[in-house]
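All remarks here apply to the structure that follows.
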Amino acid sequence: LRNGVDLVRFTAEDRCTARNRLNLPGQGRLLLSVGHLIERKGHHIAIAALPLLPPDVHLLIAGGGPDRRSLEDLAQGLGVASRVRFVGIVPQAELKWWYSAADALTLCSSREGWANVLLEAMACGTPVIATRIWGTPEVVSTPDAGVLMDERSPQGLHRAWHALFDQLPQRPAVRAHAERFSWDETTQGQLRIFRQAIGAR
């Protein structure tokens with residue numbers, strides 16, 4: 001049984017309202033990367049992709065961890081420090097505002113069992129760009145969900161970005177995809193297993 005997503009906590013908020021609330025620019029496109037600041041999460045790939053992406057694209061990185069300094073140095077060295085904002089650790093109750101403010105979420109991880117951030121973003125109407133690893137293809141399974149990278153690299157993220165924005169899904173369609181992964185469905189599956197186990201005895 002897979003994890004579900006809290007469809008009450010994670011809801012789509014108006015993008016302009018979300019950006020105003022978070023003091024983000026109203027113009028331009030925002031790419032969001034959420035997770036612990038460690039190599040496995042691939043924030044460095046998102047930063048390295050920025051020079052390849054259109055100049056109106058800015059990257060938001062939410063999370064804390066030991067690699068923050070090296071990520072800041074990377075952005076500085078690539079000349080994109082002005083396009084990267086480290087927002088620190090965001091309480092779960094506030095994440096919906098960041099998801100809603102973004103035009104897309106990226107998850108460049110080298111390994112993930114079942115990444116909650118993908119469904120959380122989609123529940124807020126935000127499509128995703130993710131690496132083709134482990135359980136992720138089961139989550140990003142239709143164009144309404146987003147795009148899977150053809151390789152885990154800045155170039156792969158660049159190509160996936162253009163593929164996504166060439167046919168950008170509407171926010172209600174992204175939300176509808178996430179609704180297929182509600183906790184209610186997972187709970188019903190658990191109850192079926194319990195009944196089968198009890199019946200077998």
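Scheme for the structure tokens: letters A, B, ... for chains in order shown; per-chain residue numbers from 1; ligand numbers from 1 in order shown.
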
Within 7 Å of region 81-96 of chain A: each region 35-68 of chain A residue with its shortest pair, only C-alpha atoms, as a Markdown table:
```
| residue | atom | partner | partner_atom | distance |
| --- | --- | --- | --- | --- |
| A:His58 | CA | A:Arg83 | CA | 4.7 |
| A:Leu59 | CA | A:Val84 | CA | 4.8 |
| A:Leu60 | CA | A:Arg85 | CA | 5.0 |
| A:Ile61 | CA | A:Phe86 | CA | 4.9 |
| A:Ala62 | CA | A:Val87 | CA | 5.2 |
| A:Gly63 | CA | A:Ile89 | CA | 4.3 |
| A:Gly64 | CA | A:Ile89 | CA | 5.4 |
```

Using N, CA, C and O atoms, can you write the selected residues to a file as a PDB file, in the first residue's frame?
```
ATOM      1  N   HIS A  58      13.409  31.665 -11.582  1.00  0.00           N
ATOM      2  CA  HIS A  58      14.122  31.735 -10.310  1.00  0.00           C
ATOM      3  C   HIS A  58      13.879  30.458  -9.531  1.00  0.00           C
ATOM      4  O   HIS A  58      12.811  29.831  -9.664  1.00  0.00           O
ATOM      5  N   LEU A  59      14.852  30.071  -8.734  1.00  0.00           N
ATOM      6  CA  LEU A  59      14.790  28.826  -7.968  1.00  0.00           C
ATOM      7  C   LEU A  59      14.608  29.126  -6.486  1.00  0.00           C
ATOM      8  O   LEU A  59      15.354  29.927  -5.907  1.00  0.00           O
ATOM      9  N   LEU A  60      13.622  28.485  -5.875  1.00  0.00           N
ATOM     10  CA  LEU A  60      13.411  28.539  -4.431  1.00  0.00           C
ATOM     11  C   LEU A  60      13.820  27.196  -3.842  1.00  0.00           C
ATOM     12  O   LEU A  60      13.396  26.147  -4.336  1.00  0.00           O
ATOM     13  N   ILE A  61      14.632  27.213  -2.799  1.00  0.00           N
ATOM     14  CA  ILE A  61      15.067  25.977  -2.154  1.00  0.00           C
ATOM     15  C   ILE A  61      14.603  26.009  -0.704  1.00  0.00           C
ATOM     16  O   ILE A  61      15.028  26.858   0.080  1.00  0.00           O
ATOM     17  N   ALA A  62      13.709  25.086  -0.361  1.00  0.00           N
ATOM     18  CA  ALA A  62      13.158  25.004   0.998  1.00  0.00           C
ATOM     19  C   ALA A  62      13.750  23.798   1.708  1.00  0.00           C
ATOM     20  O   ALA A  62      13.636  22.668   1.232  1.00  0.00           O
ATOM     21  N   GLY A  63      14.377  24.052   2.844  1.00  0.00           N
ATOM     22  CA  GLY A  63      14.976  22.974   3.621  1.00  0.00           C
ATOM     23  C   GLY A  63      16.243  23.444   4.294  1.00  0.00           C
ATOM     24  O   GLY A  63      16.784  24.514   3.976  1.00  0.00           O
ATOM     25  N   GLY A  64      16.721  22.657   5.227  1.00  0.00           N
ATOM     26  CA  GLY A  64      17.965  22.947   5.912  1.00  0.00           C
ATOM     27  C   GLY A  64      18.875  21.739   5.840  1.00  0.00           C
ATOM     28  O   GLY A  64      18.426  20.627   5.548  1.00  0.00           O
TER      29      GLY A  64
END
```

Identify, with DSSP run on backbone atoms, the residues in region 25-179 of chain A assigned to strand (DSSP E), and express the list as an MDAnalysis selection string. chainID A and resid 29:34 57:62 84:88 104:107 128:130 146:148

Would you write out those residues with N, CA and C atoms, as a compact mmCIF listing (two decimals), in the first residue's frame?
```
# COMPACT_ATOMS: atom_id res chain seq x y z
N ARG A 29 8.88 33.23 -13.46
CA ARG A 29 8.47 31.87 -13.11
C ARG A 29 9.35 31.33 -11.99
N LEU A 30 8.71 30.59 -11.09
CA LEU A 30 9.39 30.08 -9.91
C LEU A 30 9.44 28.56 -9.94
N LEU A 31 10.64 28.03 -9.77
CA LEU A 31 10.87 26.59 -9.66
C LEU A 31 11.21 26.31 -8.20
N LEU A 32 10.52 25.37 -7.60
CA LEU A 32 10.68 25.08 -6.17
C LEU A 32 11.33 23.72 -5.98
N SER A 33 12.31 23.65 -5.08
CA SER A 33 12.96 22.39 -4.70
C SER A 33 12.87 22.27 -3.19
N VAL A 34 12.27 21.19 -2.72
CA VAL A 34 12.01 21.01 -1.28
C VAL A 34 12.72 19.76 -0.79
N VAL A 57 13.38 32.59 -14.93
CA VAL A 57 13.16 31.48 -13.99
C VAL A 57 14.04 31.69 -12.76
N HIS A 58 13.41 31.67 -11.58
CA HIS A 58 14.12 31.74 -10.31
C HIS A 58 13.88 30.46 -9.53
N LEU A 59 14.85 30.07 -8.73
CA LEU A 59 14.79 28.83 -7.97
C LEU A 59 14.61 29.13 -6.49
N LEU A 60 13.62 28.48 -5.88
CA LEU A 60 13.41 28.54 -4.43
C LEU A 60 13.82 27.20 -3.84
N ILE A 61 14.63 27.21 -2.80
CA ILE A 61 15.07 25.98 -2.15
C ILE A 61 14.60 26.01 -0.70
N ALA A 62 13.71 25.09 -0.36
CA ALA A 62 13.16 25.00 1.00
C ALA A 62 13.75 23.80 1.71
N VAL A 84 18.58 32.52 -7.05
CA VAL A 84 18.35 31.43 -6.10
C VAL A 84 18.02 32.03 -4.74
N ARG A 85 16.96 31.53 -4.12
CA ARG A 85 16.60 31.97 -2.77
C ARG A 85 16.50 30.76 -1.87
N PHE A 86 17.30 30.75 -0.81
CA PHE A 86 17.22 29.69 0.21
C PHE A 86 16.24 30.16 1.27
N VAL A 87 15.13 29.44 1.42
CA VAL A 87 14.07 29.91 2.33
C VAL A 87 14.12 29.22 3.68
N GLY A 88 15.05 28.27 3.86
CA GLY A 88 15.18 27.59 5.14
C GLY A 88 14.12 26.51 5.33
N ALA A 104 6.34 25.31 -10.84
CA ALA A 104 6.65 23.88 -10.91
C ALA A 104 7.52 23.51 -9.72
N LEU A 105 7.42 22.25 -9.31
CA LEU A 105 8.31 21.69 -8.30
C LEU A 105 9.31 20.79 -9.00
N THR A 106 10.55 20.81 -8.56
CA THR A 106 11.50 19.84 -9.07
C THR A 106 12.03 18.98 -7.93
N LEU A 107 12.20 17.69 -8.21
CA LEU A 107 12.79 16.76 -7.26
C LEU A 107 13.87 15.99 -8.02
N VAL A 128 5.06 18.79 -11.49
CA VAL A 128 6.40 18.45 -11.00
C VAL A 128 7.32 18.01 -12.13
N ILE A 129 8.61 18.19 -11.88
CA ILE A 129 9.68 17.66 -12.72
C ILE A 129 10.53 16.80 -11.80
N ALA A 130 10.67 15.52 -12.11
CA ALA A 130 11.34 14.62 -11.17
C ALA A 130 12.22 13.61 -11.90
N GLY A 146 3.05 15.97 -14.43
CA GLY A 146 4.31 16.63 -14.69
C GLY A 146 5.14 15.81 -15.66
N VAL A 147 6.47 15.93 -15.51
CA VAL A 147 7.40 15.32 -16.45
C VAL A 147 8.53 14.63 -15.69
N LEU A 148 8.95 13.47 -16.18
CA LEU A 148 10.11 12.78 -15.64
C LEU A 148 11.34 13.14 -16.48
```

Selection near Trp97 (chain A), 10 Å with only C-alpha atoms, sequence-local residues under 5 positions removed, as a JSON list (two decimals) with N, CA, C and O atoms, in the first residue's frame:
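Final output, out.json:
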```json
[["chain", "number", "residue", "atom", "x", "y", "z"],
["A", 10, "PHE", "N", -3.16, 20.20, 2.05],
["A", 10, "PHE", "CA", -2.51, 20.66, 0.82],
["A", 10, "PHE", "C", -3.57, 20.98, -0.23],
["A", 10, "PHE", "O", -4.14, 20.09, -0.86],
["A", 11, "THR", "N", -3.85, 22.27, -0.36],
["A", 11, "THR", "CA", -4.86, 22.75, -1.31],
["A", 11, "THR", "C", -4.26, 23.90, -2.11],
["A", 11, "THR", "O", -3.34, 24.59, -1.66],
["A", 12, "ALA", "N", -4.79, 24.10, -3.29],
["A", 12, "ALA", "CA", -4.29, 25.16, -4.16],
["A", 12, "ALA", "C", -4.77, 26.52, -3.67],
["A", 12, "ALA", "O", -5.96, 26.76, -3.52],
["A", 13, "GLU", "N", -3.82, 27.40, -3.43],
["A", 13, "GLU", "CA", -4.12, 28.79, -3.10],
["A", 13, "GLU", "C", -3.84, 29.66, -4.33],
["A", 13, "GLU", "O", -3.06, 29.28, -5.20],
["A", 14, "ASP", "N", -4.48, 30.79, -4.43],
["A", 14, "ASP", "CA", -4.24, 31.70, -5.54],
["A", 14, "ASP", "C", -2.76, 32.06, -5.62],
["A", 14, "ASP", "O", -2.14, 32.41, -4.60],
["A", 15, "ARG", "N", -2.20, 31.95, -6.82],
["A", 15, "ARG", "CA", -0.76, 32.13, -6.98],
["A", 15, "ARG", "C", -0.32, 33.55, -6.59],
["A", 15, "ARG", "O", 0.70, 33.72, -5.90],
["A", 17, "THR", "N", -1.79, 35.62, -4.54],
["A", 17, "THR", "CA", -1.93, 35.75, -3.10],
["A", 17, "THR", "C", -0.78, 35.08, -2.38],
["A", 17, "THR", "O", -0.21, 35.61, -1.41],
["A", 18, "ALA", "N", -0.42, 33.88, -2.85],
["A", 18, "ALA", "CA", 0.68, 33.13, -2.23],
["A", 18, "ALA", "C", 2.00, 33.90, -2.36],
["A", 18, "ALA", "O", 2.77, 33.99, -1.41],
["A", 19, "ARG", "N", 2.24, 34.45, -3.53],
["A", 19, "ARG", "CA", 3.50, 35.18, -3.72],
["A", 19, "ARG", "C", 3.55, 36.44, -2.87],
["A", 19, "ARG", "O", 4.61, 36.77, -2.30],
["A", 21, "ARG", "N", 2.05, 36.85, -0.03],
["A", 21, "ARG", "CA", 2.20, 36.40, 1.36],
["A", 21, "ARG", "C", 3.66, 36.08, 1.69],
["A", 21, "ARG", "O", 4.14, 36.32, 2.81],
["A", 22, "LEU", "N", 4.38, 35.54, 0.69],
["A", 22, "LEU", "CA", 5.75, 35.09, 0.91],
["A", 22, "LEU", "C", 6.79, 36.12, 0.44],
["A", 22, "LEU", "O", 7.99, 35.83, 0.45],
["A", 102, "ALA", "N", 4.69, 28.51, -6.61],
["A", 102, "ALA", "CA", 5.61, 28.04, -7.64],
["A", 102, "ALA", "C", 4.87, 27.66, -8.93],
["A", 102, "ALA", "O", 3.71, 27.27, -8.91],
["A", 121, "ALA", "N", 2.78, 18.84, -3.74],
["A", 121, "ALA", "CA", 2.79, 19.90, -4.75],
["A", 121, "ALA", "C", 1.60, 19.76, -5.70],
["A", 121, "ALA", "O", 0.90, 20.74, -6.00],
["A", 124, "CYS", "N", -1.64, 20.89, -4.52],
["A", 124, "CYS", "CA", -1.75, 22.34, -4.56],
["A", 124, "CYS", "C", -1.82, 22.87, -6.00],
["A", 124, "CYS", "O", -1.72, 24.07, -6.23]]
```

At most 9 Å is the cut-off: for each residue in region 15-133 of chain A with any atom that close to an atom of region 154-159 of chain A, write down the nearest atom pair and the distance in Å rounded to one decimal, counting only C-alpha atoms, chain first then increasing number, as a Markdown table.
```
| residue | atom | partner | partner_atom | distance |
| --- | --- | --- | --- | --- |
| A:His44 | CA | A:Pro154 | CA | 8.7 |
| A:Ile45 | CA | A:Pro154 | CA | 5.2 |
| A:Ala46 | CA | A:Pro154 | CA | 6.5 |
| A:Ile47 | CA | A:Pro154 | CA | 8.0 |
| A:Ala48 | CA | A:Pro154 | CA | 5.7 |
| A:Ala49 | CA | A:Pro154 | CA | 4.3 |
| A:Leu50 | CA | A:Pro154 | CA | 8.1 |
| A:Leu52 | CA | A:His158 | CA | 6.3 |
| A:Leu53 | CA | A:His158 | CA | 6.2 |
| A:Thr106 | CA | A:Leu157 | CA | 8.4 |
| A:Cys108 | CA | A:Leu157 | CA | 8.2 |
| A:Ile129 | CA | A:Leu157 | CA | 7.4 |
| A:Ala130 | CA | A:Leu157 | CA | 8.2 |
| A:Thr131 | CA | A:Leu157 | CA | 8.6 |
```

What would the file look like if the residues just selected were written as a JSON list (two decimals), in the first residue's frame with all heavy atoms?
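Saved the output as result-v8.json:
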```
[["chain", "number", "residue", "atom", "x", "y", "z"],
["A", 44, "HIS", "N", 21.75, 20.67, -6.03],
["A", 44, "HIS", "CA", 22.86, 21.18, -6.86],
["A", 44, "HIS", "C", 22.54, 21.06, -8.36],
["A", 44, "HIS", "O", 22.99, 21.87, -9.16],
["A", 44, "HIS", "CB", 24.16, 20.44, -6.52],
["A", 44, "HIS", "CG", 24.12, 18.96, -6.78],
["A", 44, "HIS", "ND1", 23.40, 18.08, -5.99],
["A", 44, "HIS", "CD2", 24.68, 18.20, -7.76],
["A", 44, "HIS", "CE1", 23.54, 16.84, -6.45],
["A", 44, "HIS", "NE2", 24.30, 16.90, -7.52],
["A", 45, "ILE", "N", 21.76, 20.06, -8.70],
["A", 45, "ILE", "CA", 21.37, 19.89, -10.11],
["A", 45, "ILE", "C", 20.44, 21.01, -10.53],
["A", 45, "ILE", "O", 20.56, 21.57, -11.63],
["A", 45, "ILE", "CB", 20.73, 18.50, -10.31],
["A", 45, "ILE", "CG1", 21.78, 17.41, -10.10],
["A", 45, "ILE", "CG2", 20.09, 18.39, -11.70],
["A", 45, "ILE", "CD1", 21.24, 16.00, -10.16],
["A", 46, "ALA", "N", 19.49, 21.34, -9.66],
["A", 46, "ALA", "CA", 18.56, 22.43, -9.96],
["A", 46, "ALA", "C", 19.31, 23.75, -10.13],
["A", 46, "ALA", "O", 19.01, 24.54, -11.02],
["A", 46, "ALA", "CB", 17.50, 22.54, -8.88],
["A", 47, "ILE", "N", 20.29, 24.00, -9.26],
["A", 47, "ILE", "CA", 21.08, 25.23, -9.36],
["A", 47, "ILE", "C", 21.87, 25.24, -10.66],
["A", 47, "ILE", "O", 21.90, 26.24, -11.40],
["A", 47, "ILE", "CB", 22.01, 25.38, -8.15],
["A", 47, "ILE", "CG1", 21.21, 25.61, -6.87],
["A", 47, "ILE", "CG2", 23.01, 26.53, -8.37],
["A", 47, "ILE", "CD1", 22.04, 25.57, -5.60],
["A", 48, "ALA", "N", 22.50, 24.12, -10.98],
["A", 48, "ALA", "CA", 23.33, 24.05, -12.18],
["A", 48, "ALA", "C", 22.50, 24.14, -13.46],
["A", 48, "ALA", "O", 23.04, 24.47, -14.53],
["A", 48, "ALA", "CB", 24.15, 22.76, -12.18],
["A", 49, "ALA", "N", 21.21, 23.86, -13.37],
["A", 49, "ALA", "CA", 20.34, 23.97, -14.54],
["A", 49, "ALA", "C", 19.93, 25.41, -14.83],
["A", 49, "ALA", "O", 19.53, 25.72, -15.96],
["A", 49, "ALA", "CB", 19.09, 23.11, -14.35],
["A", 50, "LEU", "N", 20.02, 26.28, -13.84],
["A", 50, "LEU", "CA", 19.53, 27.66, -14.02],
["A", 50, "LEU", "C", 20.16, 28.39, -15.21],
["A", 50, "LEU", "O", 19.46, 29.08, -15.95],
["A", 50, "LEU", "CB", 19.74, 28.46, -12.74],
["A", 50, "LEU", "CG", 18.64, 28.37, -11.68],
["A", 50, "LEU", "CD1", 18.99, 29.25, -10.48],
["A", 50, "LEU", "CD2", 17.28, 28.75, -12.24],
["A", 52, "LEU", "N", 20.89, 27.29, -17.93],
["A", 52, "LEU", "CA", 20.30, 26.73, -19.15],
["A", 52, "LEU", "C", 18.84, 27.13, -19.33],
["A", 52, "LEU", "O", 18.30, 27.02, -20.44],
["A", 52, "LEU", "CB", 20.40, 25.19, -19.11],
["A", 52, "LEU", "CG", 21.78, 24.59, -18.87],
["A", 52, "LEU", "CD1", 21.67, 23.07, -18.74],
["A", 52, "LEU", "CD2", 22.74, 24.97, -19.98],
["A", 53, "LEU", "N", 18.21, 27.56, -18.23],
["A", 53, "LEU", "CA", 16.80, 27.88, -18.26],
["A", 53, "LEU", "C", 16.59, 29.35, -18.62],
["A", 53, "LEU", "O", 17.51, 30.16, -18.50],
["A", 53, "LEU", "CB", 16.17, 27.57, -16.89],
["A", 53, "LEU", "CG", 16.18, 26.10, -16.47],
["A", 53, "LEU", "CD1", 15.63, 25.94, -15.06],
["A", 53, "LEU", "CD2", 15.39, 25.24, -17.46],
["A", 106, "THR", "N", 10.55, 20.81, -8.56],
["A", 106, "THR", "CA", 11.50, 19.84, -9.07],
["A", 106, "THR", "C", 12.03, 18.98, -7.93],
["A", 106, "THR", "O", 12.25, 19.48, -6.82],
["A", 106, "THR", "CB", 12.66, 20.51, -9.83],
["A", 106, "THR", "OG1", 13.46, 19.49, -10.45],
["A", 106, "THR", "CG2", 13.53, 21.35, -8.91],
["A", 108, "CYS", "N", 15.13, 16.35, -7.75],
["A", 108, "CYS", "CA", 16.26, 15.80, -8.49],
["A", 108, "CYS", "C", 16.98, 14.70, -7.71],
["A", 108, "CYS", "O", 18.18, 14.48, -7.89],
["A", 108, "CYS", "CB", 17.25, 16.92, -8.84],
["A", 108, "CYS", "SG", 16.55, 18.26, -9.81],
["A", 129, "ILE", "N", 8.61, 18.19, -11.88],
["A", 129, "ILE", "CA", 9.68, 17.66, -12.72],
["A", 129, "ILE", "C", 10.53, 16.80, -11.80],
["A", 129, "ILE", "O", 11.05, 17.29, -10.80],
["A", 129, "ILE", "CB", 10.53, 18.77, -13.34],
["A", 129, "ILE", "CG1", 9.68, 19.69, -14.22],
["A", 129, "ILE", "CG2", 11.70, 18.19, -14.12],
["A", 129, "ILE", "CD1", 10.41, 20.94, -14.67],
["A", 130, "ALA", "N", 10.67, 15.52, -12.11],
["A", 130, "ALA", "CA", 11.34, 14.62, -11.17],
["A", 130, "ALA", "C", 12.22, 13.61, -11.90],
["A", 130, "ALA", "O", 12.04, 13.34, -13.09],
["A", 130, "ALA", "CB", 10.30, 13.88, -10.32],
["A", 131, "THR", "N", 13.18, 13.07, -11.16],
["A", 131, "THR", "CA", 14.03, 12.01, -11.70],
["A", 131, "THR", "C", 13.24, 10.70, -11.77],
["A", 131, "THR", "O", 12.33, 10.46, -10.98],
["A", 131, "THR", "CB", 15.27, 11.82, -10.81],
["A", 131, "THR", "OG1", 14.88, 11.91, -9.42],
["A", 131, "THR", "CG2", 16.30, 12.90, -11.08]]
```

Tell me, which residues of chain A carry DSSP helix (DSSP H, G or I), written as a PyMOL selection string? chain A and resi 15-21+39-41+43-52+68-77+81-83+92-101+116-123+136-139+154-166+171-181+183-200

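Rounded to one decimal, CA of Glu120 (chain A) and CA of Lys41 (chain A) lie 16.6 Å from each other.
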
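Each of A:Ala197, A:Ala160, A:Val117, A:Leu191 was checked against His36 (chain A) using only C-alpha atoms; the smallest atom-to-atom distance is that of A:Val117.
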
When you count only C-alpha atoms, which of these residues is closest to Glu72 (chain A): A:His43, A:His177, A:Arg192, A:Arg111? A:His43

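Counting from CA of Ala173 (chain A), the distance to CA of Asn3 (chain A) is 20.6 Å.
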
I'd like to know which of A:Tyr99, A:Ala145, A:Gln188, A:Glu112 is closest to Arg132 (chain A), using only C-alpha atoms.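 Going through A:Tyr99, A:Ala145, A:Gln188, A:Glu112 one by one, the smallest distance to Arg132 (chain A) is for A:Glu112.
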
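Proximity to Arg69 (chain A) was assessed for A:Ser110, A:Asn116, A:Ile38, A:Pro55 counting only C-alpha atoms; the smallest distance is recorded for A:Ile38.
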